[in-house]
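Accompanying notes for the structure given below.
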Amino acid sequence: MEIDQRCDIYSFGIMAFEMATGECPFTGETWVTLANKHVEEPLPEFEGAARDYPSWFYRFVKKCTEKDRAHRYASFDEIVAELTKHTKTASLWRRVCAKLGI
């Protein structure tokens, strides 16, 4: 498999999931178990307070973390364009910044 920026986009999506939920999407007792979950299991739904996030944000995170990298955003330029479409959702950014302590 060729390594390109879509690997970083996957990681970005995982971090976005963790910031939104306060939880890791996948856990495992060994690194092999954890790696298998990243490869095989679908991204969990947002739960708890994260359900208050707009539905577009979950779809955004899900697209970042697609198992088939051909279905992910192809570049960070695409990610910026997608996020820019939703900048009117200021409450989302306030919650993200609050979680980061900004």
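Scheme for the structure tokens: letters A, B, ... for chains in order shown; per-chain residue numbers from 1; ligand numbers from 1 in order shown.
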
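With only C-alpha atoms taken into account, the protein and nucleic acid residues at most 7 Å from range 65-72 of chain A (excluding it and anything under 5 positions from it in its own chain) are Arg6, Tyr10, Gly13, Ile14 and Val39 of chain A.
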
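The shell of residues at most 7 Å from range 41-46 of chain A, with only C-alpha atoms counted and near chain neighbours (fewer than 6 positions) removed, consists of Thr21, Pro25 and Lys62 of chain A.
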
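Taking CA of Cys64 in chain A and CA of Gln5 in chain A as the two end points, the separation is 11.2 Å.
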
From a DSSP pass on the backbone, collect the residues of chain A flagged as alpha helix (DSSP H) and hand them back as a short mmCIF file (atom, residue, chain, number, x, y, z; two decimals) with N, CA and C atoms, in the first residue's frame.
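Contents of out35.cif, freshly written:
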```cif
data_model
loop_
_atom_site.label_atom_id
_atom_site.label_comp_id
_atom_site.auth_asym_id
_atom_site.auth_seq_id
_atom_site.Cartn_x
_atom_site.Cartn_y
_atom_site.Cartn_z
N GLN A 5 -1.00 11.31 2.05
CA GLN A 5 -1.62 12.15 3.06
C GLN A 5 -2.95 11.62 3.56
N ARG A 6 -3.55 10.65 2.86
CA ARG A 6 -4.80 10.08 3.35
C ARG A 6 -4.61 9.29 4.63
N CYS A 7 -3.38 8.84 4.91
CA CYS A 7 -3.08 8.22 6.21
C CYS A 7 -3.18 9.28 7.31
N ASP A 8 -2.66 10.47 7.03
CA ASP A 8 -2.75 11.57 7.99
C ASP A 8 -4.20 12.03 8.15
N ILE A 9 -4.95 11.98 7.08
CA ILE A 9 -6.37 12.36 7.15
C ILE A 9 -7.13 11.38 8.04
N TYR A 10 -6.79 10.10 7.95
CA TYR A 10 -7.40 9.10 8.85
C TYR A 10 -7.08 9.46 10.30
N SER A 11 -5.82 9.75 10.58
CA SER A 11 -5.42 10.11 11.95
C SER A 11 -6.12 11.37 12.42
N PHE A 12 -6.26 12.34 11.52
CA PHE A 12 -6.98 13.58 11.83
C PHE A 12 -8.42 13.26 12.23
N GLY A 13 -9.06 12.37 11.50
CA GLY A 13 -10.43 11.98 11.82
C GLY A 13 -10.53 11.28 13.17
N ILE A 14 -9.55 10.44 13.48
CA ILE A 14 -9.54 9.77 14.79
C ILE A 14 -9.39 10.80 15.90
N MET A 15 -8.51 11.77 15.70
CA MET A 15 -8.34 12.82 16.73
C MET A 15 -9.61 13.65 16.87
N ALA A 16 -10.29 13.94 15.75
CA ALA A 16 -11.54 14.69 15.81
C ALA A 16 -12.60 13.91 16.59
N PHE A 17 -12.65 12.59 16.37
CA PHE A 17 -13.57 11.73 17.12
C PHE A 17 -13.27 11.81 18.61
N GLU A 18 -11.99 11.70 18.96
CA GLU A 18 -11.59 11.73 20.37
C GLU A 18 -11.90 13.08 21.00
N MET A 19 -11.68 14.17 20.26
CA MET A 19 -11.98 15.50 20.80
C MET A 19 -13.47 15.67 21.03
N ALA A 20 -14.29 15.15 20.11
CA ALA A 20 -15.73 15.30 20.22
C ALA A 20 -16.33 14.45 21.33
N THR A 21 -15.80 13.24 21.49
CA THR A 21 -16.41 12.29 22.43
C THR A 21 -15.67 12.16 23.76
N TRP A 31 -1.57 -4.31 20.90
CA TRP A 31 -1.52 -3.44 19.73
C TRP A 31 -2.07 -4.13 18.49
N VAL A 32 -1.97 -5.46 18.44
CA VAL A 32 -2.50 -6.21 17.30
C VAL A 32 -4.03 -6.12 17.29
N THR A 33 -4.64 -6.30 18.46
CA THR A 33 -6.09 -6.19 18.57
C THR A 33 -6.55 -4.79 18.18
N LEU A 34 -5.85 -3.79 18.68
CA LEU A 34 -6.20 -2.41 18.37
C LEU A 34 -6.05 -2.13 16.88
N ALA A 35 -4.95 -2.57 16.29
CA ALA A 35 -4.73 -2.35 14.86
C ALA A 35 -5.82 -3.03 14.03
N ASN A 36 -6.20 -4.25 14.41
CA ASN A 36 -7.27 -4.96 13.70
C ASN A 36 -8.58 -4.18 13.74
N LYS A 37 -8.89 -3.58 14.87
CA LYS A 37 -10.13 -2.82 14.99
C LYS A 37 -10.09 -1.61 14.06
N HIS A 38 -8.94 -0.95 13.96
CA HIS A 38 -8.83 0.19 13.05
C HIS A 38 -9.05 -0.24 11.60
N VAL A 39 -8.63 -1.44 11.26
CA VAL A 39 -8.75 -1.93 9.89
C VAL A 39 -10.15 -2.48 9.60
N GLU A 40 -10.76 -3.15 10.57
CA GLU A 40 -11.97 -3.92 10.29
C GLU A 40 -13.28 -3.34 10.83
N SER A 55 -25.03 16.94 12.76
CA SER A 55 -24.88 15.68 12.04
C SER A 55 -23.79 15.76 10.96
N TRP A 56 -23.58 16.94 10.39
CA TRP A 56 -22.55 17.06 9.36
C TRP A 56 -21.18 16.75 9.94
N PHE A 57 -20.96 17.05 11.22
CA PHE A 57 -19.65 16.84 11.81
C PHE A 57 -19.35 15.35 11.93
N TYR A 58 -20.34 14.55 12.32
CA TYR A 58 -20.12 13.10 12.37
C TYR A 58 -19.84 12.57 10.98
N ARG A 59 -20.59 13.03 9.97
CA ARG A 59 -20.35 12.59 8.59
C ARG A 59 -18.93 12.99 8.15
N PHE A 60 -18.49 14.16 8.55
CA PHE A 60 -17.14 14.63 8.25
C PHE A 60 -16.09 13.69 8.87
N VAL A 61 -16.25 13.39 10.15
CA VAL A 61 -15.31 12.50 10.85
C VAL A 61 -15.34 11.12 10.21
N LYS A 62 -16.51 10.64 9.89
CA LYS A 62 -16.65 9.32 9.27
C LYS A 62 -15.95 9.27 7.92
N LYS A 63 -16.08 10.34 7.12
CA LYS A 63 -15.40 10.35 5.82
C LYS A 63 -13.89 10.40 6.00
N CYS A 64 -13.41 11.10 7.00
CA CYS A 64 -11.96 11.14 7.28
C CYS A 64 -11.42 9.76 7.62
N PHE A 76 -5.95 17.76 2.45
CA PHE A 76 -6.36 18.67 3.51
C PHE A 76 -7.04 19.91 2.93
N ASP A 77 -6.79 20.21 1.67
CA ASP A 77 -7.52 21.31 1.02
C ASP A 77 -9.01 20.98 0.97
N GLU A 78 -9.34 19.72 0.70
CA GLU A 78 -10.75 19.30 0.71
C GLU A 78 -11.34 19.42 2.11
N ILE A 79 -10.54 19.07 3.12
CA ILE A 79 -11.01 19.16 4.50
C ILE A 79 -11.29 20.62 4.87
N VAL A 80 -10.36 21.51 4.52
CA VAL A 80 -10.54 22.93 4.82
C VAL A 80 -11.80 23.45 4.12
N ALA A 81 -12.00 23.04 2.87
CA ALA A 81 -13.20 23.47 2.13
C ALA A 81 -14.47 22.98 2.82
N GLU A 82 -14.46 21.75 3.28
CA GLU A 82 -15.63 21.20 3.97
C GLU A 82 -15.89 21.93 5.27
N LEU A 83 -14.86 22.16 6.06
CA LEU A 83 -15.04 22.86 7.33
C LEU A 83 -15.46 24.30 7.11
N THR A 84 -14.95 24.92 6.07
CA THR A 84 -15.30 26.31 5.77
C THR A 84 -16.78 26.44 5.45
N LYS A 85 -17.36 25.42 4.82
CA LYS A 85 -18.79 25.45 4.52
C LYS A 85 -19.62 25.54 5.79
N ALA A 90 -20.89 28.09 14.82
CA ALA A 90 -19.92 28.58 15.80
C ALA A 90 -19.98 27.80 17.11
N SER A 91 -21.16 27.32 17.48
CA SER A 91 -21.25 26.60 18.75
C SER A 91 -20.40 25.33 18.74
N LEU A 92 -20.27 24.70 17.58
CA LEU A 92 -19.41 23.52 17.46
C LEU A 92 -17.98 23.89 17.81
N TRP A 93 -17.49 24.95 17.20
CA TRP A 93 -16.11 25.35 17.43
C TRP A 93 -15.90 25.79 18.87
N ARG A 94 -16.90 26.42 19.49
CA ARG A 94 -16.76 26.78 20.91
C ARG A 94 -16.60 25.53 21.76
N ARG A 95 -17.38 24.48 21.45
CA ARG A 95 -17.27 23.24 22.23
C ARG A 95 -15.91 22.58 22.01
N VAL A 96 -15.44 22.55 20.78
CA VAL A 96 -14.13 21.95 20.49
C VAL A 96 -13.04 22.74 21.23
N CYS A 97 -13.08 24.06 21.15
CA CYS A 97 -12.08 24.89 21.81
C CYS A 97 -12.15 24.71 23.33
N ALA A 98 -13.35 24.58 23.87
CA ALA A 98 -13.49 24.37 25.31
C ALA A 98 -12.84 23.06 25.73
N LYS A 99 -13.02 22.01 24.92
CA LYS A 99 -12.39 20.72 25.23
C LYS A 99 -10.87 20.81 25.18
N LEU A 100 -10.36 21.67 24.29
CA LEU A 100 -8.91 21.85 24.17
C LEU A 100 -8.36 22.84 25.18
#
```

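Across the model, the gap from CA of Ala74 in chain A to CA of Asp52 in chain A is 27.6 Å.
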